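Shown below: final25.txt, with compact mmCIF, C-alpha atoms.
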# COMPACT_ATOMS: atom_id res chain seq x y z
CA MET Y 629 -91.42 -70.92 2.31
CA SER Y 630 -87.98 -71.93 1.08
CA GLU Y 631 -84.86 -69.95 1.92
CA THR Y 632 -84.38 -68.80 -1.69
CA VAL Y 633 -87.91 -67.43 -1.93
CA ARG Y 634 -87.46 -65.66 1.42
CA ILE Y 635 -84.27 -63.96 0.20
CA ILE Y 636 -86.01 -62.85 -3.01
CA VAL Y 637 -88.95 -61.48 -1.00
CA ALA Y 638 -86.51 -59.62 1.30
CA ILE Y 639 -84.76 -58.04 -1.70
CA ALA Y 640 -88.15 -57.12 -3.22
CA ILE Y 641 -89.27 -55.47 0.04
CA MET Y 642 -86.08 -53.44 0.24
CA ALA Y 643 -86.39 -52.44 -3.43
CA VAL Y 644 -89.97 -51.26 -2.86
CA LEU Y 645 -88.95 -49.22 0.20
CA ILE Y 646 -85.97 -47.64 -1.59
CA ALA Y 647 -88.21 -46.81 -4.58
CA LEU Y 648 -90.79 -45.30 -2.18
CA PHE Y 649 -88.13 -43.10 -0.65
CA PHE Y 650 -86.82 -41.95 -4.05
CA VAL Y 651 -90.32 -41.19 -5.33
CA SER Y 652 -91.13 -39.19 -2.18
CA PHE Y 653 -87.82 -37.37 -2.43
CA LEU Y 654 -88.34 -36.45 -6.09
CA LEU Y 655 -91.97 -35.40 -5.56
CA ASN Y 656 -90.91 -33.26 -2.61
CA LYS Y 657 -88.20 -31.62 -4.71
CA LYS Y 658 -90.71 -30.85 -7.48
CA ILE Y 659 -93.08 -28.95 -5.21
CA PRO Y 660 -91.90 -25.34 -5.00
CA GLU Y 661 -91.34 -23.73 -1.63
CA PRO Y 662 -94.32 -21.54 -0.59
CA GLU Y 663 -94.02 -17.77 -0.53
CA GLY Y 664 -92.08 -16.56 2.46
CA CYS Y 665 -90.34 -19.91 2.96
CA ARG Y 666 -87.80 -19.65 0.16
CA ASP Y 667 -85.14 -18.15 2.35
CA LEU Y 668 -85.47 -20.65 5.20
CA LYS Y 669 -82.41 -22.60 4.07
CA LYS Y 670 -80.48 -19.52 2.97
CA ASN Y 671 -81.08 -17.84 6.31
CA CYS Y 672 -79.84 -20.84 8.29
CA VAL Y 673 -76.58 -19.82 9.94
CA GLY Y 674 -75.92 -23.38 11.07
CA CYS Y 675 -76.05 -25.09 14.43
CA GLY Y 676 -74.25 -28.05 15.94
CA ILE Y 677 -76.10 -30.53 13.72
CA LEU Y 678 -73.78 -30.88 10.76
CA SER Y 679 -75.74 -33.79 9.27
CA CYS Y 680 -78.78 -31.56 8.62
CA GLY Y 681 -79.42 -30.72 4.95
CA SER Y 682 -80.09 -27.06 5.80
CA ASN Y 683 -76.73 -26.51 7.50
CA PRO Y 684 -74.48 -24.21 5.42
CA ALA Y 685 -71.72 -26.80 5.82
CA ASN Y 686 -73.73 -29.10 3.53
CA GLN Y 687 -74.61 -26.50 0.90
CA PRO Y 688 -72.66 -26.77 -2.35
CA ALA Y 689 -69.79 -24.30 -2.47
CA LYS Y 690 -70.15 -21.46 -4.97
CA PRO Y 691 -67.82 -21.63 -7.98
CA LYS Y 692 -64.84 -19.31 -7.64
CA THR Y 693 -65.75 -17.35 -10.79
CA GLU Y 694 -69.13 -16.38 -9.32
CA GLU Y 695 -67.48 -15.26 -6.11
CA LYS Y 696 -65.08 -13.10 -8.08
CA GLU Y 697 -67.94 -11.56 -10.07
CA GLU Y 698 -69.87 -10.91 -6.86
CA GLY Y 699 -66.80 -9.27 -5.41
CA LYS Y 700 -66.51 -7.03 -8.46
CA ASN Y 701 -70.16 -6.03 -8.18
CA ASN Y 702 -69.71 -5.20 -4.51
CA VAL Y 703 -66.75 -2.95 -5.36
CA VAL Y 704 -68.75 -1.14 -8.03
CA MET R 687 -103.58 -49.56 33.53
CA SER R 688 -100.83 -48.98 36.12
CA GLY R 689 -98.41 -50.68 33.71
CA ILE R 690 -99.17 -48.04 31.10
CA LEU R 691 -98.62 -45.25 33.63
CA VAL R 692 -95.31 -46.79 34.74
CA LEU R 693 -94.25 -47.07 31.11
CA ALA R 694 -95.04 -43.39 30.47
CA ILE R 695 -93.36 -42.10 33.65
CA GLY R 696 -90.38 -44.35 33.03
CA ALA R 697 -89.95 -43.08 29.47
CA ILE R 698 -90.28 -39.42 30.48
CA PHE R 699 -88.32 -39.25 33.76
CA VAL R 700 -86.35 -42.38 34.55
CA ASN R 701 -85.15 -43.63 31.18
CA ASN R 702 -85.12 -40.22 29.53
CA VAL R 703 -83.66 -40.53 26.03
CA ILE R 704 -81.32 -37.58 26.44
CA LEU R 705 -80.15 -37.88 30.02
CA SER R 706 -80.00 -41.62 30.54
CA ARG R 707 -79.59 -43.02 27.02
CA PHE R 708 -77.56 -40.11 25.60
CA LEU R 709 -79.48 -39.93 22.33
CA GLY R 710 -80.47 -36.75 20.51
CA ILE R 711 -77.51 -34.82 21.91
CA CYS R 712 -76.89 -32.99 18.58
CA PRO R 713 -80.32 -31.26 18.55
CA LEU R 714 -79.99 -30.64 22.28
CA LEU R 715 -76.85 -28.60 21.69
CA GLY R 716 -77.86 -27.17 18.31
CA VAL R 717 -81.47 -26.06 18.78
CA SER R 718 -81.50 -25.10 22.45
CA LYS R 719 -80.15 -21.57 22.10
CA LYS R 720 -83.69 -20.15 21.97
CA THR R 721 -86.73 -21.53 23.76
CA GLU R 722 -89.00 -20.95 20.71
CA ASN R 723 -86.69 -23.08 18.56
CA ALA R 724 -86.61 -25.81 21.19
CA LEU R 725 -90.42 -25.85 21.32
CA GLY R 726 -90.74 -25.91 17.51
CA MET R 727 -88.31 -28.79 17.26
CA SER R 728 -90.14 -30.68 20.02
CA TYR R 729 -93.57 -30.31 18.39
CA ALA R 730 -92.21 -31.52 15.07
CA LEU R 731 -90.47 -34.44 16.79
CA ILE R 732 -93.62 -35.54 18.65
CA PHE R 733 -95.57 -35.54 15.37
CA VAL R 734 -92.92 -37.45 13.41
CA VAL R 735 -92.16 -39.98 16.19
CA VAL R 736 -95.81 -40.92 16.77
CA PHE R 737 -96.68 -41.39 13.10
CA SER R 738 -93.42 -43.08 12.08
CA ALA R 739 -93.78 -45.44 15.07
CA LEU R 740 -97.30 -46.34 13.92
CA LEU R 741 -96.07 -46.99 10.38
CA SER R 742 -93.03 -49.01 11.38
CA TYR R 743 -94.98 -51.01 13.99
CA GLY R 744 -97.65 -51.87 11.41
CA PHE R 745 -95.02 -52.75 8.80
CA TYR R 746 -93.19 -55.02 11.23
CA TRP R 747 -96.21 -57.00 12.41
CA LEU R 748 -98.07 -57.11 9.09
CA VAL R 749 -95.17 -57.66 6.67
CA LEU R 750 -91.86 -58.59 8.30
CA ALA R 751 -93.03 -60.88 11.12
CA PRO R 752 -95.36 -63.10 9.03
CA LEU R 753 -92.57 -63.57 6.45
CA HIS R 754 -89.95 -64.19 9.18
CA LEU R 755 -87.89 -61.27 7.91
CA GLU R 756 -87.43 -59.59 11.29
CA TYR R 757 -83.76 -58.91 10.53
CA LEU R 758 -84.88 -56.29 8.01
CA ALA R 759 -86.40 -54.14 10.75
CA LEU R 760 -83.51 -51.67 11.10
CA THR R 761 -83.03 -51.01 7.39
CA SER R 762 -86.72 -50.87 6.58
CA PHE R 763 -87.47 -48.53 9.50
CA ILE R 764 -84.77 -46.09 8.32
CA LEU R 765 -86.35 -46.01 4.85
CA ILE R 766 -89.90 -45.72 6.22
CA ILE R 767 -88.93 -42.77 8.45
CA ALA R 768 -87.02 -41.01 5.66
CA ALA R 769 -89.90 -41.45 3.19
CA PHE R 770 -92.47 -40.39 5.79
CA VAL R 771 -90.61 -37.15 6.54
CA GLN R 772 -90.48 -36.39 2.80
CA PHE R 773 -94.24 -36.95 2.47
CA VAL R 774 -94.94 -34.80 5.54
CA GLU R 775 -92.80 -31.98 4.15
CA MET R 776 -94.58 -32.25 0.80
CA PHE R 777 -98.02 -32.20 2.45
CA LEU R 778 -97.15 -29.21 4.62
CA LYS R 779 -95.73 -27.28 1.66
CA LYS R 780 -98.89 -27.79 -0.36
CA TYR R 781 -101.75 -27.63 2.13
CA MET R 782 -100.51 -26.17 5.43
CA VAL R 783 -98.16 -23.33 4.59
CA GLY R 784 -98.43 -21.73 8.04
CA LEU R 785 -97.39 -24.95 9.74
CA TYR R 786 -94.62 -25.42 7.19
CA LYS R 787 -93.27 -21.98 8.05
CA ALA R 788 -93.24 -22.93 11.72
CA LEU R 789 -91.98 -26.52 11.48
CA GLY R 790 -90.45 -26.79 7.99
CA ILE R 791 -86.97 -25.82 9.08
CA TYR R 792 -86.95 -28.60 11.70
CA LEU R 793 -87.99 -31.44 9.38
CA PRO R 794 -84.51 -32.01 7.89
CA LEU R 795 -83.18 -32.02 11.46
CA ILE R 796 -85.65 -34.70 12.47
CA THR R 797 -84.60 -37.02 9.66
CA THR R 798 -81.22 -37.18 11.35
CA ASN R 799 -82.63 -37.53 14.86
CA CYS R 800 -81.81 -40.93 16.32
CA ILE R 801 -84.76 -40.80 18.74
CA VAL R 802 -87.20 -41.50 15.90
CA LEU R 803 -85.39 -44.72 15.03
CA LEU R 804 -84.95 -45.67 18.69
CA VAL R 805 -88.69 -45.51 19.35
CA ALA R 806 -89.49 -47.55 16.22
CA LEU R 807 -86.95 -50.24 17.19
CA ASP R 808 -87.91 -50.30 20.89
CA ASN R 809 -91.57 -50.79 20.02
CA VAL R 810 -90.81 -54.10 18.33
CA SER R 811 -87.83 -55.30 20.37
CA LEU R 812 -89.58 -54.77 23.75
CA GLY R 813 -92.66 -56.60 22.47
CA PHE R 814 -95.18 -53.83 23.13
CA ASN R 815 -98.86 -54.25 22.30
CA PHE R 816 -100.62 -51.47 20.36
CA LEU R 817 -101.60 -49.38 23.39
CA GLU R 818 -98.15 -49.66 24.97
CA MET R 819 -96.56 -48.74 21.65
CA LEU R 820 -98.75 -45.64 21.40
CA VAL R 821 -98.03 -44.52 24.98
CA TYR R 822 -94.30 -45.13 24.62
CA SER R 823 -94.20 -43.26 21.28
CA ILE R 824 -95.82 -40.22 22.89
CA ALA R 825 -93.92 -40.40 26.21
CA VAL R 826 -90.40 -40.55 24.74
CA PRO R 827 -90.68 -37.31 22.71
CA LEU R 828 -92.48 -35.67 25.64
CA GLY R 829 -89.45 -36.48 27.80
CA TYR R 830 -87.24 -35.05 25.07
CA MET R 831 -89.39 -31.89 24.95
CA MET R 832 -89.22 -31.43 28.71
CA ILE R 833 -85.43 -31.67 28.77
CA ILE R 834 -84.74 -29.51 25.72
CA VAL R 835 -87.10 -26.74 26.93
CA ILE R 836 -85.61 -26.71 30.47
CA PHE R 837 -82.14 -26.82 28.95
CA SER R 838 -82.86 -23.91 26.58
CA VAL R 839 -84.20 -21.76 29.43
CA ILE R 840 -81.06 -22.38 31.50
CA ARG R 841 -78.86 -21.88 28.45
CA THR R 842 -80.33 -18.50 27.52
CA ARG R 843 -79.45 -17.32 31.03
CA VAL R 844 -75.97 -18.82 31.00
CA ASP R 845 -75.09 -17.61 27.49
CA GLY R 846 -76.05 -14.07 28.43
CA ASN R 847 -73.68 -14.11 31.40
CA HIS R 848 -70.59 -12.08 30.49
CA LYS R 849 -68.72 -13.24 33.59
CA LEU R 850 -68.42 -16.73 32.11
CA PRO R 851 -64.75 -17.51 31.28
CA THR R 852 -64.09 -17.75 27.53
CA PRO R 853 -63.06 -21.45 27.48
CA PHE R 854 -66.43 -22.39 29.01
CA ARG R 855 -68.57 -20.49 26.50
CA GLY R 856 -70.73 -22.25 23.89
CA ASN R 857 -70.90 -26.03 23.75
CA ALA R 858 -68.49 -26.48 26.68
CA ILE R 859 -70.85 -25.00 29.26
CA ALA R 860 -73.80 -26.65 27.49
CA LEU R 861 -72.25 -30.09 28.01
CA ILE R 862 -71.50 -29.30 31.67
CA LEU R 863 -75.13 -28.21 32.10
CA ALA R 864 -76.33 -31.44 30.46
CA ALA R 865 -74.13 -33.47 32.82
CA LEU R 866 -75.55 -31.64 35.87
CA MET R 867 -79.10 -32.21 34.61
CA ALA R 868 -78.34 -35.90 34.10
CA LEU R 869 -77.08 -36.12 37.69
CA ALA R 870 -80.22 -34.37 38.94
CA PHE R 871 -82.44 -36.80 37.01
CA VAL R 872 -80.70 -39.79 38.60
CA GLY R 873 -82.90 -38.88 41.57
CA PHE R 874 -85.92 -40.20 39.65
CA GLY R 875 -84.27 -43.62 39.51
CA GLY R 876 -86.34 -45.21 42.23
CA LEU R 877 -89.64 -43.72 41.05
CA VAL R 878 -90.79 -46.76 39.03
Would you give me this structure, written as structure tokens?
Amino acid sequence: MSETVRIIVAIAIMAVLIALFFVSFLLNKKIPEPEGCRDLKKNCVGCGILSCGSNPANQPAKPKTEEKEEGKNNVV
Amino acid sequence: MSGILVLAIGAIFVNNVILSRFLGICPLLGVSKKTENALGMSYALIFVVVFSALLSYGFYWLVLAPLHLEYLALTSFILIIAAFVQFVEMFLKKYMVGLYKALGIYLPLITTNCIVLLVALDNVSLGFNFLEMLVYSIAVPLGYMMIIVIFSVIRTRVDGNHKLPTPFRGNAIALILAALMALAFVGFGGLV
């Protein structure tokens, strides 16, 4: 097998694996969390593993307007 | 047969991934505050390591080696492990809700666990046959489980001690404990 063909095959293999990961990721996202498991991520208070997706450090920050509204509701 | 036994004992006691290779330190510190959490994490890790090692080993010898693309091992193994964890999470969510409740929270942690990648890479770089690969893939997470469970038991006692000076509390005392355990496990050095 020539070098060019080998490089093309290598790129094709990587493309297939990346596509496989994206498909699995999207399919996993589509499946709703079962009853009783919805708060697993919300309840995570965070540990030393900051690279984990469940860690509050990696959760998107709430917009300031929402926080203000929440604060108002708490006062009321 | 004795070679297999030596491989297993070596992976569990002598070349323990945490204490002699210093891998998986983040989960050791993060998930060892309670023994139940340490056990849950260990079960999930054993499952993921064994199956991802099987997949990566098969992919290496059936696809990469015949095409002389061995240099793709690292990148392809990362993708295989990441995709496998996604499929496992999906399967558990749909068909095994009880198991998902128990292990689901640990699956994102395992994706970031370097031990999974280490086992997959060691299996091909050390030239293991199928049986050796299987034994090594079970022994390494068993060694991890042993250390994290012992560590969590000690840590629950130490964390509850109010006499501990403030600067030593938390991760500081945990790292000192890990160092003492590593020194203790040096004693297994001449075992195999």
Atom-to-atom span, atom CA of Tyr746 of chain R and atom CA of Ile796 of chain R, Å
21.7 Å
When distances are computed from all atoms listed in the file, which of R:Phe699, R:Tyr743, R:Tyr729, R:Phe770 shows the smallest separation from chain Y?
R:Phe770
Could you check how far atom CA of Glu775 of chain R sits from atom CA of Val805 of chain R, in Å to one decimal?
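Taking atom CA of Glu775 of chain R as the start and atom CA of Val805 of chain R as the end point, the length is 20.8 Å.
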Quick one, how far is atom CA of Val700 of chain R from atom CA of Pro827 of chain R?
13.6 Å
Write down, as JSON, numbers by chain, each residue of chain R that has any atom within 6 Å of an atom of chain Y, counting all atoms listed in the file.
{"R": [712, 716, 769, 772, 776, 794, 795]}
I want to know what sits within 7 Å of Thr721 of chain R, based on all atoms listed in the file, with residues of the same chain fewer than 4 positions away left out; could you give that as a PyMOL selection string?
chain R and resi 725+835+838-839
Quick one: residues within 8 Å of (-94.2, -46.3, 26.4) (file frame), counting only C-alpha atoms, please, as a list in words.
Ile690, Leu693, Ala694, Gly696, Ala697, Glu818, Met819, Leu820, Val821, Tyr822, Ser823, Ile824, Ala825 and Val826 of chain R
Nearby residues (only C-alpha atoms) at most 12 Å from Ile836 of chain R, same-chain spacing under 6 positions excluded, as a list in words
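So the residues in contact are Leu714, Ser718, Lys719, Lys720, Thr721, Glu722, Ala724, Leu725, Gly829, Tyr830, Thr842, Arg843, Leu863, Ala864 and Met867 of chain R.
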Which residues are near Arg855 of chain R? Cut-off 10 Å, all atoms listed in the file, ignore same chain within fewer than 6 positions. Put them as JSON, numbers by chain.
{"R": [844, 845, 847, 848]}
Please define a box with edges along x, y and z of the file around all atoms of segment 863-873 of chain R given in the file, extend it by 6 Å on each side, and return its centre and edge lengths in Å to one decimal, as lines of an AutoDock Vina configuration file.
center_x = -78.5
center_y = -34.0
center_z = 36.0
size_x = 20.8
size_y = 23.6
size_z = 23.1
For Leu869 of chain R, which of R:Leu705, R:Leu803, R:Leu793, R:Leu785 is the closest residue, counting only C-alpha atoms?
R:Leu705
